[in-house]
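Take a look at the structure set out below.
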Amino acid sequence: MLPARLLRQALPRPAPSFGYSTAGPAMEEKPVESSIRAKLLQALQPVHLEVLNESSMHAVPRGAETHFKVVIASQRFAGLPLLQRHRLVNEILQAELAGPVHALSIQAKTPQQWEENRSVSQSPGCLGGSKHDPHMATKLGSQG
Amino acid sequence: MSGSLCWLRAASLLRGAPLRWGARPLSHAAAGDGSAPGGGGEGGRGSRESVERLVRAHPVVVFMKGNPAQPLCGFSNAVVQILRLHGVQDYQAYDVLQDPDLRQGIKNYSNWPTIPQVYLNGEFLGGCDILLQMHQNGDLVEELKKLGIRSALLDAEKDQDKK
């Protein structure tokens with residue numbers, strides 16, 4: 001049964017001090033995350049951006065960069081329906097999605113929407129799908 | 001439980017035999033043995049024409065990992081649970097893990113890189129994130145209404161008002 005938490009409006013999260021998530025350890029250790037962040041920054045000039053590696057929530061090796069959530073607030077989304085917003089993000093991250101990224105959760109808001117509601121839906125837990133997925137070997141292999 | 005009737009269903013639809021998703025126990029379909037006509041490529045299970053036939057065959061079509069009785073992915077499960085909440089029981093579900101040609105075919109068709117994928121009335125709606133947001137903001141109730149499907153949540157609200 002899907003947890004109720006997933007269906008309720010997500011609890012508001014405190015806004016970070018800066019517009020972008022801060023850099024962690026050396027970027028070369030997280031090449032996919034770095035690439036995603038750089039491309040979204042450049043293409044969307046967001047007022048808020050979080051790039052969350054959720055691979056640890058799934059049946060993939062430690063340190064994998066296969067499952068991500070991106071939370072973006074950008075004026076570029078103004079006037080665009082949800083589907084088009086997601087398509088825009090997919091297009092920007094086309095190479096990553098064709099390569100190492102197996103799953104991408106997107107929360108795309110305008111700056112105004114972000115100010116009105118900073119809640120972010122939590123991603124559902126893994127049901128072991130990656131273990132049954134013949135594509136995963138390719139995705140993991142491309143991470144060297 | 002493994003295996004899925006989805007491959008068989010897709011193949012049967014291609015042959016023109018109507019099928020409805022029901023509560024039959026899953027059997028080990030001859031998944032991946034390539035015995036369906038075409039087997040990928042032009043005119044195959046993953047062709048544009050084949051996918052078009054599948055998405056237009058039923059008002060609500062879901063391409064997922066696993067099946068509604070046993071989803072194999074959290075995102076696919078979320079789609080199943082949301083549809084269940086809205087009382088949508090009669091929908092076509094296809095397990096892409098059983099059919100690599102179909103899996104690639106739907107990604108090409110919708111120009112969408114991930115699974116699950118939800119189609120309403122033959123039109124691509126989006127994946128798990130979009131369905132969840134539409135569920136949360138009430139848009140899903142309206143979209144189902146356009147298909148002549150009354151969301152169970154409307155009845156739940158009515159009961160609440162009566163109390």
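By convention here, the chains of the structure tokens are called A, B, ... in the order presented, each chain's residues are numbered starting at 1, and ligands are numbered starting at 1 in the order presented.
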
Chain A contacts on chain B, only C-alpha atoms, 6 Å, as a PyMOL selection string:
chain B and resi 72-74

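Residues of segment 55-126 of chain A assigned to strand (DSSP E) by DSSP on this structure's backbone: His67, Phe68, Lys69, Val70, Val71, Ile72, Ala73, Ala103, Leu104, Ser105, Ile106, Gln107, Ala108 and Lys109 of chain A.
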
Write the selection just made, keeping C-alpha atoms, as a PDB file, in the first residue's frame?
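Saved as result-v7.pdb:
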```
ATOM      1  CA  HIS A  67      18.368   7.720  -9.730  1.00  0.00           C
ATOM      2  CA  PHE A  68      17.912  11.460  -9.300  1.00  0.00           C
ATOM      3  CA  LYS A  69      15.347  13.982  -8.188  1.00  0.00           C
ATOM      4  CA  VAL A  70      15.608  17.575  -9.401  1.00  0.00           C
ATOM      5  CA  VAL A  71      13.685  20.408  -7.800  1.00  0.00           C
ATOM      6  CA  ILE A  72      13.749  23.526  -9.935  1.00  0.00           C
ATOM      7  CA  ALA A  73      12.108  26.907  -9.752  1.00  0.00           C
ATOM      8  CA  ALA A 103      15.240   7.413 -13.218  1.00  0.00           C
ATOM      9  CA  LEU A 104      14.580  11.128 -12.973  1.00  0.00           C
ATOM     10  CA  SER A 105      11.965  12.656 -10.709  1.00  0.00           C
ATOM     11  CA  ILE A 106      11.169  16.258 -11.563  1.00  0.00           C
ATOM     12  CA  GLN A 107       9.492  18.994  -9.551  1.00  0.00           C
ATOM     13  CA  ALA A 108       9.283  22.032 -11.804  1.00  0.00           C
ATOM     14  CA  LYS A 109       7.804  25.265 -10.494  1.00  0.00           C
TER      15      LYS A 109
END
```

When you draw a straight line from atom CA of Ser76 of chain B to atom CA of Gly122 of chain B, how long is it in Å?
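Here the two named atoms are 18.9 Å from each other.
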
Can you list, as a ChimeraX atom specification, every residue of segment 42-108 of chain A that DSSP puts in helix (DSSP H, G or I)?
/A:42-44,55-57,75-77,82-92,94-98

Write out the residues from the selection above, keeping N, CA and C atoms, as a PDB file, in the first residue's frame.
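part-v3.pdb, freshly written:
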```pdb
ATOM      1  N   GLN A  42      22.661  26.413 -16.367  1.00  0.00           N
ATOM      2  CA  GLN A  42      22.900  27.176 -17.580  1.00  0.00           C
ATOM      3  C   GLN A  42      21.629  27.371 -18.385  1.00  0.00           C
ATOM      4  N   ALA A  43      20.852  26.306 -18.513  1.00  0.00           N
ATOM      5  CA  ALA A  43      19.697  26.368 -19.411  1.00  0.00           C
ATOM      6  C   ALA A  43      18.495  27.076 -18.795  1.00  0.00           C
ATOM      7  N   LEU A  44      18.335  26.969 -17.485  1.00  0.00           N
ATOM      8  CA  LEU A  44      17.102  27.459 -16.876  1.00  0.00           C
ATOM      9  C   LEU A  44      17.287  28.654 -15.953  1.00  0.00           C
ATOM     10  N   SER A  55      19.892   7.401  -5.578  1.00  0.00           N
ATOM     11  CA  SER A  55      20.282   6.032  -5.930  1.00  0.00           C
ATOM     12  C   SER A  55      20.332   5.125  -4.704  1.00  0.00           C
ATOM     13  N   SER A  56      20.682   5.694  -3.556  1.00  0.00           N
ATOM     14  CA  SER A  56      20.784   4.861  -2.352  1.00  0.00           C
ATOM     15  C   SER A  56      19.429   4.310  -1.916  1.00  0.00           C
ATOM     16  N   MET A  57      18.358   4.873  -2.460  1.00  0.00           N
ATOM     17  CA  MET A  57      17.013   4.370  -2.139  1.00  0.00           C
ATOM     18  C   MET A  57      16.653   3.149  -2.985  1.00  0.00           C
ATOM     19  N   GLN A  75      11.827  30.817 -14.074  1.00  0.00           N
ATOM     20  CA  GLN A  75      10.877  31.619 -14.840  1.00  0.00           C
ATOM     21  C   GLN A  75      10.627  30.984 -16.212  1.00  0.00           C
ATOM     22  N   ARG A  76      11.546  30.168 -16.672  1.00  0.00           N
ATOM     23  CA  ARG A  76      11.381  29.495 -17.962  1.00  0.00           C
ATOM     24  C   ARG A  76      10.140  28.605 -17.995  1.00  0.00           C
ATOM     25  N   PHE A  77       9.653  28.224 -16.811  1.00  0.00           N
ATOM     26  CA  PHE A  77       8.487  27.348 -16.771  1.00  0.00           C
ATOM     27  C   PHE A  77       7.164  28.111 -16.851  1.00  0.00           C
ATOM     28  N   LEU A  82       2.520  21.267 -17.080  1.00  0.00           N
ATOM     29  CA  LEU A  82       3.432  20.316 -16.425  1.00  0.00           C
ATOM     30  C   LEU A  82       4.225  19.469 -17.415  1.00  0.00           C
ATOM     31  N   LEU A  83       3.520  18.895 -18.369  1.00  0.00           N
ATOM     32  CA  LEU A  83       4.174  17.985 -19.301  1.00  0.00           C
ATOM     33  C   LEU A  83       5.290  18.691 -20.058  1.00  0.00           C
ATOM     34  N   GLN A  84       5.020  19.913 -20.480  1.00  0.00           N
ATOM     35  CA  GLN A  84       6.036  20.646 -21.235  1.00  0.00           C
ATOM     36  C   GLN A  84       7.221  21.022 -20.362  1.00  0.00           C
ATOM     37  N   ARG A  85       6.956  21.304 -19.097  1.00  0.00           N
ATOM     38  CA  ARG A  85       8.063  21.617 -18.179  1.00  0.00           C
ATOM     39  C   ARG A  85       8.983  20.410 -18.059  1.00  0.00           C
ATOM     40  N   HIS A  86       8.353  19.253 -17.888  1.00  0.00           N
ATOM     41  CA  HIS A  86       9.159  18.036 -17.736  1.00  0.00           C
ATOM     42  C   HIS A  86       9.905  17.710 -19.027  1.00  0.00           C
ATOM     43  N   ARG A  87       9.250  17.954 -20.160  1.00  0.00           N
ATOM     44  CA  ARG A  87       9.906  17.687 -21.442  1.00  0.00           C
ATOM     45  C   ARG A  87      11.127  18.591 -21.603  1.00  0.00           C
ATOM     46  N   LEU A  88      10.991  19.816 -21.131  1.00  0.00           N
ATOM     47  CA  LEU A  88      12.115  20.756 -21.233  1.00  0.00           C
ATOM     48  C   LEU A  88      13.303  20.231 -20.423  1.00  0.00           C
ATOM     49  N   VAL A  89      13.027  19.775 -19.236  1.00  0.00           N
ATOM     50  CA  VAL A  89      14.102  19.238 -18.393  1.00  0.00           C
ATOM     51  C   VAL A  89      14.694  17.970 -19.013  1.00  0.00           C
ATOM     52  N   ASN A  90      13.826  17.124 -19.541  1.00  0.00           N
ATOM     53  CA  ASN A  90      14.317  15.892 -20.183  1.00  0.00           C
ATOM     54  C   ASN A  90      15.247  16.217 -21.350  1.00  0.00           C
ATOM     55  N   GLU A  91      14.880  17.276 -22.073  1.00  0.00           N
ATOM     56  CA  GLU A  91      15.682  17.658 -23.240  1.00  0.00           C
ATOM     57  C   GLU A  91      17.056  18.160 -22.795  1.00  0.00           C
ATOM     58  N   ILE A  92      17.051  18.971 -21.755  1.00  0.00           N
ATOM     59  CA  ILE A  92      18.323  19.508 -21.244  1.00  0.00           C
ATOM     60  C   ILE A  92      19.226  18.372 -20.769  1.00  0.00           C
ATOM     61  N   GLN A  94      19.201  15.236 -21.792  1.00  0.00           N
ATOM     62  CA  GLN A  94      19.050  14.136 -22.753  1.00  0.00           C
ATOM     63  C   GLN A  94      20.228  13.154 -22.678  1.00  0.00           C
ATOM     64  N   ALA A  95      21.424  13.690 -22.622  1.00  0.00           N
ATOM     65  CA  ALA A  95      22.604  12.829 -22.626  1.00  0.00           C
ATOM     66  C   ALA A  95      22.656  11.969 -21.365  1.00  0.00           C
ATOM     67  N   GLU A  96      22.360  12.581 -20.241  1.00  0.00           N
ATOM     68  CA  GLU A  96      22.389  11.833 -18.977  1.00  0.00           C
ATOM     69  C   GLU A  96      21.328  10.734 -18.988  1.00  0.00           C
ATOM     70  N   LEU A  97      20.157  11.063 -19.527  1.00  0.00           N
ATOM     71  CA  LEU A  97      19.072  10.078 -19.556  1.00  0.00           C
ATOM     72  C   LEU A  97      19.360   8.952 -20.547  1.00  0.00           C
ATOM     73  N   ALA A  98      20.076   9.272 -21.602  1.00  0.00           N
ATOM     74  CA  ALA A  98      20.461   8.229 -22.555  1.00  0.00           C
ATOM     75  C   ALA A  98      21.635   7.420 -22.009  1.00  0.00           C
TER      76      ALA A  98
END
```

For each of A:Met136, A:Ser34, A:Gly63, A:Ala78, take the minimum atom-to-atom distance to Trp114 of chain A, counting only C-alpha atoms, then give the residue where this is smallest.
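Closest candidate: A:Ala78.
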
Interatomic distance (Å, one decimal) between atom CA of Glu142 of chain B and atom CA of Leu154 of chain B:
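That distance, rounded to one decimal, is 10.6 Å.
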
With distances taken over only C-alpha atoms, which of B:Gln104, B:Ile82, B:Ser50, B:Val96 is nearest to Gln133 of chain B?
B:Ile82

Test item: residues at most 12 Å from Leu144 of chain B, only C-alpha atoms, excluding those fewer than 3 positions along its chain, as a PyMOL selection string:
chain B and resi 59-60+83+86-88+119-121+125+131+134-135+138-141+147-154

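Of the residues listed (A:Pro111, A:Leu93, A:Val120, A:Gly79), A:Leu93 shows the shortest atom-to-atom separation from Ala38 of chain A; distances use only C-alpha atoms.
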
Between atom CA of Pro81 of chain A and atom CA of Arg84 of chain B - distance in Å to one decimal:
24.9 Å
